[in-house]
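A.B. asks: data-v6.csv is the file, holding CSV, C-alpha atoms:
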```csv
chain,number,residue,atom,x,y,z
A,30,MET,CA,0.0,0.0,0.0
A,31,ASN,CA,2.8,2.4,0.9
A,32,ASN,CA,4.5,1.4,-2.2
A,33,LEU,CA,1.4,2.2,-4.3
A,34,ILE,CA,1.1,5.7,-2.7
A,35,GLU,CA,4.8,6.3,-3.4
A,36,ILE,CA,4.3,5.4,-7.1
A,37,LEU,CA,1.2,7.7,-7.3
A,38,GLN,CA,3.1,10.5,-5.6
A,39,SER,CA,6.1,10.4,-7.9
A,40,PRO,CA,5.7,12.0,-11.4
A,41,TRP,CA,4.2,9.7,-13.9
A,42,PRO,CA,6.2,8.8,-17.1
A,43,TRP,CA,4.8,10.0,-20.4
A,44,TYR,CA,3.8,6.4,-21.4
A,45,VAL,CA,1.5,6.2,-18.4
A,46,SER,CA,0.0,9.7,-18.6
A,47,GLY,CA,-0.4,9.8,-22.4
A,48,PRO,CA,-2.6,6.7,-22.6
A,49,LEU,CA,-4.6,7.9,-19.5
A,50,ILE,CA,-5.4,11.2,-21.3
A,51,ALA,CA,-6.7,9.0,-24.2
A,52,LEU,CA,-8.8,7.2,-21.6
A,53,VAL,CA,-10.4,10.5,-20.5
A,54,MET,CA,-11.3,11.2,-24.2
A,55,MET,CA,-12.7,7.7,-24.6
A,56,LEU,CA,-14.9,8.0,-21.5
A,57,MET,CA,-16.3,11.3,-22.8
A,58,ILE,CA,-17.0,9.7,-26.2
A,59,LEU,CA,-18.7,6.7,-24.5
A,60,TYR,CA,-20.9,9.2,-22.5
A,61,GLY,CA,-22.0,10.5,-25.9
A,62,LYS,CA,-20.0,13.8,-25.5
A,63,THR,CA,-16.9,15.3,-27.0
A,64,PHE,CA,-13.8,16.1,-25.0
A,65,GLY,CA,-13.2,19.8,-25.4
A,66,VAL,CA,-12.3,22.1,-22.5
A,67,SER,CA,-12.3,25.6,-24.2
A,68,SER,CA,-16.1,25.3,-25.0
A,69,ASN,CA,-16.6,26.1,-21.4
A,70,LEU,CA,-15.3,29.7,-22.0
A,71,ARG,CA,-18.2,30.2,-24.5
A,72,ILE,CA,-20.6,28.7,-21.9
A,73,VAL,CA,-19.4,31.2,-19.3
A,74,CYS,CA,-20.0,34.1,-21.7
A,75,ALA,CA,-23.5,32.8,-22.6
A,76,ALA,CA,-24.4,32.2,-19.0
A,77,CYS,CA,-23.4,35.8,-18.2
A,78,GLY,CA,-25.8,37.2,-20.8
A,79,ALA,CA,-23.3,37.8,-23.7
A,80,GLY,CA,-26.1,36.6,-26.0
A,81,LYS,CA,-27.4,40.2,-25.9
A,82,LYS,CA,-24.3,41.4,-27.6
A,83,SER,CA,-23.6,38.6,-30.1
A,84,ASP,CA,-25.7,35.7,-31.5
A,85,PHE,CA,-22.6,33.5,-31.1
A,86,PHE,CA,-23.6,33.3,-27.4
A,87,ASN,CA,-27.3,32.6,-28.1
A,88,PHE,CA,-27.4,28.9,-27.6
A,89,ASN,CA,-28.9,26.5,-25.1
A,90,TRP,CA,-25.9,26.4,-22.8
A,91,LYS,CA,-27.9,24.6,-20.1
A,92,ASN,CA,-27.6,21.5,-22.3
A,93,GLN,CA,-23.8,21.6,-21.9
A,94,ILE,CA,-23.7,21.7,-18.1
A,95,TRP,CA,-21.9,18.3,-18.4
A,96,ASN,CA,-18.9,20.2,-19.7
A,97,VAL,CA,-19.0,22.6,-16.8
A,98,LEU,CA,-19.2,19.6,-14.4
A,99,PHE,CA,-16.1,18.2,-16.1
A,100,VAL,CA,-14.0,21.4,-15.4
A,101,ILE,CA,-15.3,21.6,-11.9
A,102,GLY,CA,-13.9,18.1,-11.5
A,103,ALA,CA,-10.6,19.2,-13.1
A,104,ILE,CA,-10.4,21.9,-10.4
A,105,ILE,CA,-11.1,19.4,-7.7
A,106,GLY,CA,-8.6,17.0,-9.2
A,107,GLY,CA,-5.9,19.7,-9.1
A,108,PHE,CA,-6.8,20.4,-5.4
A,109,LEU,CA,-6.7,16.7,-4.5
A,110,THR,CA,-3.4,16.0,-6.2
A,111,ASP,CA,-1.9,19.0,-4.5
A,112,ALA,CA,-3.2,17.8,-1.1
A,113,PHE,CA,-2.5,14.1,-1.3
A,114,LEU,CA,-0.5,13.0,-4.3
A,115,SER,CA,2.3,15.6,-4.4
A,116,SER,CA,5.9,14.5,-4.3
A,117,GLY,CA,7.1,17.9,-3.1
A,118,GLN,CA,10.0,17.6,-5.5
A,119,PRO,CA,10.7,20.3,-8.2
A,120,ILE,CA,10.0,19.2,-11.8
A,121,ASP,CA,13.0,17.7,-13.5
A,122,ILE,CA,13.2,20.2,-16.4
A,123,SER,CA,16.0,19.7,-19.0
A,124,GLN,CA,19.1,21.7,-18.1
A,125,SER,CA,19.2,23.4,-21.4
A,126,THR,CA,15.7,24.8,-20.9
A,127,VAL,CA,16.7,26.0,-17.4
A,128,GLN,CA,19.8,27.8,-18.9
A,129,ASP,CA,17.7,29.4,-21.7
A,130,LEU,CA,15.1,30.6,-19.2
A,131,LYS,CA,17.7,31.9,-16.8
A,132,ALA,CA,19.1,33.9,-19.7
A,133,LEU,CA,15.6,35.5,-20.1
A,134,GLY,CA,15.8,36.5,-16.4
A,135,ILE,CA,13.5,33.8,-14.9
A,136,THR,CA,14.7,32.9,-11.4
A,137,SER,CA,12.0,30.8,-9.8
A,138,PHE,CA,11.9,27.1,-10.9
A,139,GLU,CA,10.4,25.5,-7.9
A,140,SER,CA,6.7,25.6,-8.8
A,141,TYR,CA,4.5,24.6,-11.7
A,142,ILE,CA,4.6,28.2,-12.9
A,143,PRO,CA,7.4,30.8,-12.7
A,144,THR,CA,6.1,32.7,-9.7
A,145,ASP,CA,8.4,35.7,-10.4
A,146,LEU,CA,6.4,36.2,-13.7
A,147,PHE,CA,2.9,35.2,-12.5
A,148,ASN,CA,1.9,37.1,-9.4
A,149,PHE,CA,-0.7,39.8,-8.5
A,150,LYS,CA,2.1,42.4,-8.2
A,151,ALA,CA,3.1,41.8,-11.8
A,152,LEU,CA,-0.3,43.1,-12.9
A,153,SER,CA,0.9,46.7,-12.0
A,154,SER,CA,3.4,46.5,-15.0
A,155,TRP,CA,2.5,46.5,-18.7
A,156,GLU,CA,4.7,43.4,-19.2
A,157,GLY,CA,2.8,41.6,-16.5
A,158,VAL,CA,-0.6,42.6,-17.9
A,159,PHE,CA,0.5,41.4,-21.4
A,160,VAL,CA,1.7,38.0,-20.1
A,161,ILE,CA,-1.2,37.3,-17.7
A,162,ILE,CA,-4.3,39.0,-19.2
A,163,GLY,CA,-3.0,39.2,-22.8
A,164,GLY,CA,-1.8,35.6,-22.8
A,165,GLY,CA,-5.2,34.5,-21.5
A,166,PHE,CA,-7.0,36.7,-24.1
A,167,MET,CA,-5.0,35.0,-26.9
A,168,ILE,CA,-5.9,31.6,-25.6
A,169,GLY,CA,-9.6,32.4,-25.4
A,170,PHE,CA,-9.8,34.3,-28.7
A,171,GLY,CA,-7.6,31.8,-30.6
A,172,ALA,CA,-9.3,28.7,-29.3
A,173,ARG,CA,-12.8,29.9,-30.4
A,174,TYR,CA,-11.5,31.2,-33.7
A,175,ALA,CA,-9.9,27.8,-34.4
A,176,GLY,CA,-12.9,26.0,-33.0
A,177,GLY,CA,-11.1,24.2,-30.3
A,178,CYS,CA,-8.0,23.9,-28.1
A,179,THR,CA,-5.5,21.2,-27.3
A,180,SER,CA,-8.2,18.7,-26.1
A,181,GLY,CA,-10.6,19.3,-29.0
A,182,HIS,CA,-8.0,19.5,-31.8
A,183,ALA,CA,-4.7,18.0,-30.8
A,184,ILE,CA,-6.3,15.0,-29.0
A,185,THR,CA,-9.8,14.4,-30.2
A,186,GLY,CA,-9.6,15.9,-33.7
A,187,LEU,CA,-6.3,14.3,-34.6
A,188,SER,CA,-7.4,10.9,-33.2
A,189,ASN,CA,-10.3,11.2,-35.6
A,190,LEU,CA,-7.9,12.1,-38.5
A,191,GLN,CA,-9.6,15.4,-39.1
A,192,VAL,CA,-7.6,17.7,-41.5
A,193,PRO,CA,-9.0,20.9,-39.9
A,194,SER,CA,-7.5,19.8,-36.5
A,195,LEU,CA,-4.1,19.1,-38.2
A,196,ILE,CA,-4.1,22.7,-39.6
A,197,ALA,CA,-5.1,24.0,-36.2
A,198,VAL,CA,-2.3,22.1,-34.5
A,199,ILE,CA,0.2,23.4,-37.1
A,200,GLY,CA,-1.1,26.8,-36.1
A,201,PHE,CA,-0.6,26.1,-32.4
A,202,PHE,CA,3.1,25.4,-33.1
A,203,ILE,CA,3.6,28.4,-35.4
A,204,GLY,CA,2.2,30.6,-32.6
A,205,GLY,CA,4.1,28.7,-29.8
A,206,LEU,CA,7.4,28.8,-31.6
A,207,THR,CA,7.0,32.5,-32.5
A,208,MET,CA,6.2,33.4,-28.9
A,209,THR,CA,9.1,31.3,-27.5
A,210,HIS,CA,11.8,32.2,-29.9
A,211,LEU,CA,11.0,35.6,-31.2
A,212,ILE,CA,8.6,37.5,-28.8
A,213,MET,CA,9.7,36.3,-25.4
A,214,PRO,CA,13.4,37.3,-25.8
A,215,PHE,CA,12.2,40.7,-26.9
A,216,LEU,CA,9.6,41.0,-24.1
A,217,PHE,CA,11.8,39.9,-21.2
A,218,ASN,CA,14.9,42.0,-22.1
B,26,MET,CA,-56.5,11.7,-3.7
B,27,TYR,CA,-53.8,11.1,-1.1
B,28,THR,CA,-52.1,8.6,-3.3
B,29,THR,CA,-51.0,11.2,-5.9
B,30,GLN,CA,-49.0,13.2,-3.5
B,31,PRO,CA,-46.5,10.5,-2.5
B,32,THR,CA,-46.1,9.5,-6.2
B,33,LYS,CA,-45.1,13.0,-7.1
B,34,GLU,CA,-42.6,13.1,-4.2
B,35,VAL,CA,-41.1,9.8,-5.3
B,36,GLU,CA,-40.9,11.1,-8.9
B,37,LYS,CA,-39.2,14.2,-7.8
B,38,SER,CA,-36.6,12.4,-5.7
B,39,THR,CA,-35.8,10.0,-8.6
B,40,ASN,CA,-35.4,13.0,-10.9
B,41,ASN,CA,-32.8,14.5,-8.5
B,42,ALA,CA,-31.1,11.2,-8.0
B,43,GLU,CA,-31.1,10.7,-11.8
B,44,LEU,CA,-29.6,14.2,-12.3
B,45,LEU,CA,-26.9,13.5,-9.7
B,46,ARG,CA,-26.2,10.1,-11.2
B,47,LYS,CA,-25.9,11.6,-14.7
B,48,GLY,CA,-23.7,14.5,-13.5
B,49,ILE,CA,-21.4,12.6,-11.1
B,50,LYS,CA,-19.6,10.7,-13.9
B,51,TYR,CA,-18.5,14.0,-15.5
B,52,ILE,CA,-17.2,15.3,-12.2
B,53,LEU,CA,-15.3,12.1,-11.6
B,54,THR,CA,-13.9,12.1,-15.1
B,55,GLY,CA,-12.8,15.7,-14.6
B,56,ILE,CA,-11.1,14.7,-11.3
B,57,LEU,CA,-9.3,12.0,-13.1
B,58,PHE,CA,-8.3,14.5,-15.8
B,59,GLY,CA,-7.0,16.9,-13.1
B,60,ILE,CA,-4.9,14.2,-11.5
B,61,ILE,CA,-3.5,13.0,-14.8
B,62,MET,CA,-2.6,16.6,-16.0
B,63,THR,CA,-0.7,17.2,-12.7
B,64,LYS,CA,1.1,13.9,-12.5
B,65,SER,CA,2.1,14.1,-16.2
B,66,GLU,CA,3.4,17.6,-15.4
B,67,ALA,CA,1.6,18.9,-18.5
B,68,ILE,CA,0.3,21.7,-16.3
B,69,SER,CA,3.9,23.0,-15.8
B,70,TRP,CA,4.8,26.2,-17.6
B,71,PHE,CA,8.4,24.9,-17.8
B,72,ARG,CA,7.3,21.7,-19.6
B,73,ILE,CA,5.6,23.8,-22.3
B,74,GLN,CA,8.7,25.9,-22.7
B,75,GLU,CA,10.8,22.7,-22.9
B,76,MET,CA,8.4,21.4,-25.6
B,77,PHE,CA,8.5,24.6,-27.7
B,78,ARG,CA,12.4,24.6,-27.4
B,79,PHE,CA,12.5,20.9,-28.5
B,80,GLN,CA,14.7,20.2,-25.4
B,81,ALA,CA,12.9,17.1,-24.1
B,82,PHE,CA,10.7,14.3,-25.4
B,83,HIS,CA,8.3,14.4,-22.4
B,84,MET,CA,5.4,16.4,-23.9
B,85,TYR,CA,5.8,14.8,-27.3
B,86,GLY,CA,5.6,11.4,-25.6
B,87,ILE,CA,2.4,12.4,-23.8
B,88,ILE,CA,0.6,13.8,-26.8
B,89,GLY,CA,2.0,11.0,-29.1
B,90,SER,CA,1.0,8.1,-26.9
B,91,ALA,CA,-2.4,9.7,-26.2
B,92,LEU,CA,-2.9,10.1,-30.0
B,93,ALA,CA,-1.8,6.5,-30.8
B,94,LEU,CA,-4.3,5.0,-28.4
B,95,GLY,CA,-7.0,7.6,-29.3
B,96,MET,CA,-6.7,6.8,-33.0
B,97,ALA,CA,-6.9,3.1,-32.4
B,98,PHE,CA,-10.0,3.5,-30.2
B,99,ILE,CA,-11.9,5.7,-32.7
B,100,TYR,CA,-10.9,3.4,-35.6
B,101,PHE,CA,-12.3,0.3,-33.8
B,102,ALA,CA,-15.3,2.2,-32.4
B,103,LYS,CA,-16.3,3.1,-36.0
B,104,LYS,CA,-15.3,-0.3,-37.5
B,105,PHE,CA,-17.4,-2.3,-34.9
B,106,LYS,CA,-20.1,0.4,-34.7
B,107,LEU,CA,-19.6,0.8,-31.0
B,108,LYS,CA,-22.5,2.5,-29.2
B,109,ASP,CA,-22.3,5.0,-26.4
B,110,ILE,CA,-24.0,4.4,-23.0
B,111,LYS,CA,-27.3,5.7,-24.3
B,112,GLY,CA,-27.2,3.2,-27.1
B,113,ASN,CA,-26.5,5.8,-29.8
B,114,PRO,CA,-23.9,5.2,-32.4
B,115,ILE,CA,-20.6,6.9,-31.7
B,116,VAL,CA,-20.2,9.9,-34.0
B,117,ILE,CA,-17.5,12.5,-33.7
B,118,PRO,CA,-18.8,15.6,-35.4
B,119,ASP,CA,-16.7,16.6,-38.4
B,120,LYS,CA,-15.3,20.2,-38.5
B,121,GLN,CA,-16.1,22.3,-41.5
B,122,MET,CA,-13.1,22.5,-43.9
B,123,SER,CA,-11.2,25.8,-44.1
B,124,VAL,CA,-7.6,26.9,-43.8
B,125,ALA,CA,-7.6,30.5,-42.7
B,126,ARG,CA,-9.8,29.9,-39.6
B,127,TYR,CA,-7.7,27.0,-38.2
B,128,LEU,CA,-4.3,28.4,-39.1
B,129,ILE,CA,-4.9,32.0,-37.9
B,130,GLY,CA,-7.0,30.9,-34.9
B,131,GLY,CA,-4.5,28.2,-34.1
B,132,THR,CA,-1.5,30.6,-34.3
B,133,ILE,CA,-3.2,33.1,-31.9
B,134,PHE,CA,-3.9,30.2,-29.5
B,135,GLY,CA,-0.3,29.0,-29.8
B,136,LEU,CA,1.0,32.5,-28.9
B,137,GLY,CA,-1.1,32.5,-25.7
B,138,TRP,CA,-0.2,28.9,-24.9
B,139,ALA,CA,3.5,29.5,-25.0
B,140,LEU,CA,3.3,32.7,-23.0
B,141,THR,CA,1.0,31.5,-20.2
B,142,GLY,CA,2.3,27.9,-20.4
B,143,ALA,CA,-1.3,26.7,-20.0
B,144,CYS,CA,-4.0,25.7,-22.4
B,145,PRO,CA,-7.6,25.7,-21.1
B,146,GLY,CA,-7.5,22.3,-19.3
B,147,PRO,CA,-4.4,23.1,-17.2
B,148,ILE,CA,-5.8,26.6,-16.4
B,149,PHE,CA,-8.6,24.9,-14.4
B,150,VAL,CA,-6.3,22.4,-12.9
B,151,LEU,CA,-3.8,25.1,-11.8
B,152,ILE,CA,-6.6,27.0,-10.2
B,153,GLY,CA,-7.4,23.8,-8.2
B,154,HIS,CA,-3.8,23.8,-7.0
B,155,GLY,CA,-4.4,27.2,-5.5
B,156,PHE,CA,-2.6,29.5,-8.0
B,157,GLY,CA,-5.0,32.5,-7.7
B,158,ILE,CA,-3.2,34.5,-10.4
B,159,ILE,CA,-4.2,31.8,-13.0
B,160,SER,CA,-7.8,32.9,-12.4
B,161,ILE,CA,-6.8,36.2,-14.0
B,162,VAL,CA,-5.5,34.2,-17.0
B,163,LEU,CA,-8.9,32.5,-17.1
B,164,LEU,CA,-10.6,36.0,-17.0
B,165,GLY,CA,-8.5,37.0,-20.0
B,166,ALA,CA,-9.5,33.8,-21.8
B,167,VAL,CA,-13.2,34.5,-21.1
B,168,LEU,CA,-12.7,38.1,-22.4
B,169,GLY,CA,-10.9,36.8,-25.5
B,170,THR,CA,-13.8,34.4,-26.2
B,171,PHE,CA,-16.3,37.2,-25.8
B,172,VAL,CA,-14.4,39.6,-28.1
B,173,TYR,CA,-14.2,36.7,-30.7
B,174,GLY,CA,-18.0,36.5,-30.5
B,175,LEU,CA,-18.3,40.3,-31.2
B,176,VAL,CA,-15.9,40.4,-34.2
B,177,ARG,CA,-16.3,36.9,-35.8
B,178,GLU,CA,-18.4,38.3,-38.7
B,179,LYS,CA,-15.6,40.6,-39.6
B,180,ILE,CA,-12.6,38.2,-39.6
B,181,PRO,CA,-11.8,35.5,-42.3
B,182,HIS,CA,-13.1,32.0,-41.6
```
What is this file in structure tokens?

C.D. replies:
Amino acid sequence: MNNLIEILQSPWPWYVSGPLIALVMMLMILYGKTFGVSSNLRIVCAACGAGKKSDFFNFNWKNQIWNVLFVIGAIIGGFLTDAFLSSGQPIDISQSTVQDLKALGITSFESYIPTDLFNFKALSSWEGVFVIIGGGFMIGFGARYAGGCTSGHAITGLSNLQVPSLIAVIGFFIGGLTMTHLIMPFLFN
Amino acid sequence: MYTTQPTKEVEKSTNNAELLRKGIKYILTGILFGIIMTKSEAISWFRIQEMFRFQAFHMYGIIGSALALGMAFIYFAKKFKLKDIKGNPIVIPDKQMSVARYLIGGTIFGLGWALTGACPGPIFVLIGHGFGIISIVLLGAVLGTFVYGLVREKIPH
């Protein structure tokens, strides 16, 4: 039993977690639903009355409460893992990534996020607002424009061999590489 | 007369139980997802940076193995006409073909993904971990979705 808890607490290798993510997708399909997290952002807009401003938010969001329940579960899952399944060890990031990020001025490597970049104080600088609110904005705008995010396109869409999802994932990488290699060096210096 | 009242009561409680039974599996699947995303370290901003710098196999292994199993499942689900729990045939809705929409939208999404190190799934999981600042990222994402709804008629699809 102690052994099992130890295994659960240590980080899981990719060949365990990857197939488990596929299992989540399969469960949703077997429930007769589609695995797609970003749709919840549209549901939030609709539930807040955005339908008055745009027809895009005029849909019966109450039929999609199942998706809201899924993300409520995801929040609980994050909480439970933090409380009971945490190893307390910092993540074993490749040394070359650590070097690159140090060169960009990042100093905190202990947590899941660089806490020197992501904190409430950072919101008083333009750079912080761009990273935290601007970054979120691009995720929300881009996901809806592309009709899905990582779960809908990179996992479900590609599993179903859909060409639109392949184009979207190529876009994800064009954007991600541009941000990482061209914009971030400019932004953080 | 007095027999109708209890029947209604029973009906109502079965309805509530039914709703709970229907809803609980989504919450449990979400909890499973939150645990997997954490233990896989896919919620780590640093893992996403490592991926976009091609400095580790980790994230590619996760996405690749998820895809291999996902493809096999959908292939066999279609081949053997598997049904969902309600007995309906499994259909994954096709997306309308276009290039501009997926490429431009995807690129904008990728810019945000690399910058915040989180796509929508991990945003919720990180909030569960107690990172309050990520709820501001979520707020930004809701705002971005809202603005998309306002301008979608004016941008290429």

A.B. asks: With a distance threshold of 6 Å and counting all atoms listed in the file, extract the residues of chain B near chain A and express them as a PyMOL selection string.

C.D. replies: chain B and resi 51-52+55-56+58-60+64-65+69-70+75+77+83+86-87+90-92+95-96+109-110+122+126-128+130-137+139-141+145-146+149-150+153-154+158+162+165-167+169-170+173-175

A.B. asks: So how many Å separate CA of Ala143 in chain B and CA of Ile68 in chain B, to one decimal?

C.D. replies: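 Calculated distance between CA of Ala143 in chain B and CA of Ile68 in chain B is 6.4 Å.
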
A.B. asks: What is the CA of Lys106 in chain B to CA of Pro118 in chain B distance in Å?

C.D. replies: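 So the answer is 15.3 Å.
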
A.B. asks: Record the distance separating CA of Lys104 in chain B and CA of Asp119 in chain B, expressed in Å with one decimal.

C.D. replies: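 Between these atoms lies a distance of 17.0 Å.
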
A.B. asks: Excluding Gln128 in chain A and any residue of its chain fewer than 6 positions from it, enumerate the residues within 12 Å of it, using all atoms listed in the file, and give them as a PyMOL selection string.

C.D. replies: (chain A and resi 122+134-136+138) or (chain B and resi 71+74-75+78+80)

A.B. asks: Can you sort out range 68-77 of chain A so it carries all heavy atoms, written as a CSV table (one decimal), in the coordinates of the input?

C.D. replies:
```
chain,number,residue,atom,x,y,z
A,68,SER,N,-14.7,25.0,-24.8
A,68,SER,CA,-16.1,25.3,-25.0
A,68,SER,C,-16.7,25.9,-23.8
A,68,SER,O,-17.7,26.6,-23.8
A,68,SER,CB,-16.9,24.0,-25.4
A,68,SER,OG,-16.4,23.5,-26.6
A,69,ASN,N,-16.1,25.6,-22.6
A,69,ASN,CA,-16.6,26.1,-21.4
A,69,ASN,C,-16.5,27.6,-21.3
A,69,ASN,O,-17.3,28.3,-20.6
A,69,ASN,CB,-15.8,25.5,-20.2
A,69,ASN,CG,-16.3,24.1,-19.9
A,69,ASN,OD1,-17.4,23.9,-19.5
A,69,ASN,ND2,-15.4,23.2,-20.2
A,70,LEU,N,-15.5,28.2,-22.0
A,70,LEU,CA,-15.3,29.7,-22.0
A,70,LEU,C,-16.5,30.3,-22.7
A,70,LEU,O,-17.0,31.4,-22.3
A,70,LEU,CB,-14.0,30.1,-22.7
A,70,LEU,CG,-12.8,29.4,-22.1
A,70,LEU,CD1,-11.6,29.7,-23.0
A,70,LEU,CD2,-12.5,29.9,-20.7
A,71,ARG,N,-17.0,29.7,-23.8
A,71,ARG,CA,-18.2,30.2,-24.5
A,71,ARG,C,-19.5,30.0,-23.6
A,71,ARG,O,-20.3,30.9,-23.6
A,71,ARG,CB,-18.4,29.4,-25.8
A,71,ARG,CG,-19.4,29.9,-26.7
A,71,ARG,CD,-19.5,29.1,-27.9
A,71,ARG,NE,-20.6,29.5,-28.8
A,71,ARG,CZ,-21.2,28.7,-29.6
A,71,ARG,NH1,-20.8,27.5,-29.8
A,71,ARG,NH2,-22.3,29.1,-30.3
A,72,ILE,N,-19.5,28.9,-22.8
A,72,ILE,CA,-20.6,28.7,-21.9
A,72,ILE,C,-20.7,29.8,-20.9
A,72,ILE,O,-21.8,30.3,-20.6
A,72,ILE,CB,-20.5,27.3,-21.3
A,72,ILE,CG1,-20.6,26.2,-22.3
A,72,ILE,CG2,-21.6,27.1,-20.2
A,72,ILE,CD1,-20.4,24.8,-21.8
A,73,VAL,N,-19.5,30.1,-20.3
A,73,VAL,CA,-19.4,31.2,-19.3
A,73,VAL,C,-20.0,32.5,-19.9
A,73,VAL,O,-20.8,33.2,-19.3
A,73,VAL,CB,-18.0,31.4,-18.8
A,73,VAL,CG1,-17.9,32.6,-17.9
A,73,VAL,CG2,-17.5,30.1,-18.0
A,74,CYS,N,-19.5,32.8,-21.1
A,74,CYS,CA,-20.0,34.1,-21.7
A,74,CYS,C,-21.5,34.0,-21.9
A,74,CYS,O,-22.2,35.0,-21.6
A,74,CYS,CB,-19.4,34.2,-23.1
A,74,CYS,SG,-17.6,34.7,-23.1
A,75,ALA,N,-22.1,32.9,-22.4
A,75,ALA,CA,-23.5,32.8,-22.6
A,75,ALA,C,-24.3,32.9,-21.3
A,75,ALA,O,-25.3,33.6,-21.2
A,75,ALA,CB,-23.8,31.4,-23.3
A,76,ALA,N,-23.7,32.2,-20.3
A,76,ALA,CA,-24.4,32.2,-19.0
A,76,ALA,C,-24.4,33.6,-18.4
A,76,ALA,O,-25.3,34.0,-17.6
A,76,ALA,CB,-23.8,31.2,-18.0
A,77,CYS,N,-23.4,34.5,-18.7
A,77,CYS,CA,-23.4,35.8,-18.2
A,77,CYS,C,-24.2,36.8,-19.1
A,77,CYS,O,-24.1,38.0,-18.8
A,77,CYS,CB,-21.9,36.3,-18.1
A,77,CYS,SG,-21.0,35.4,-16.9
```
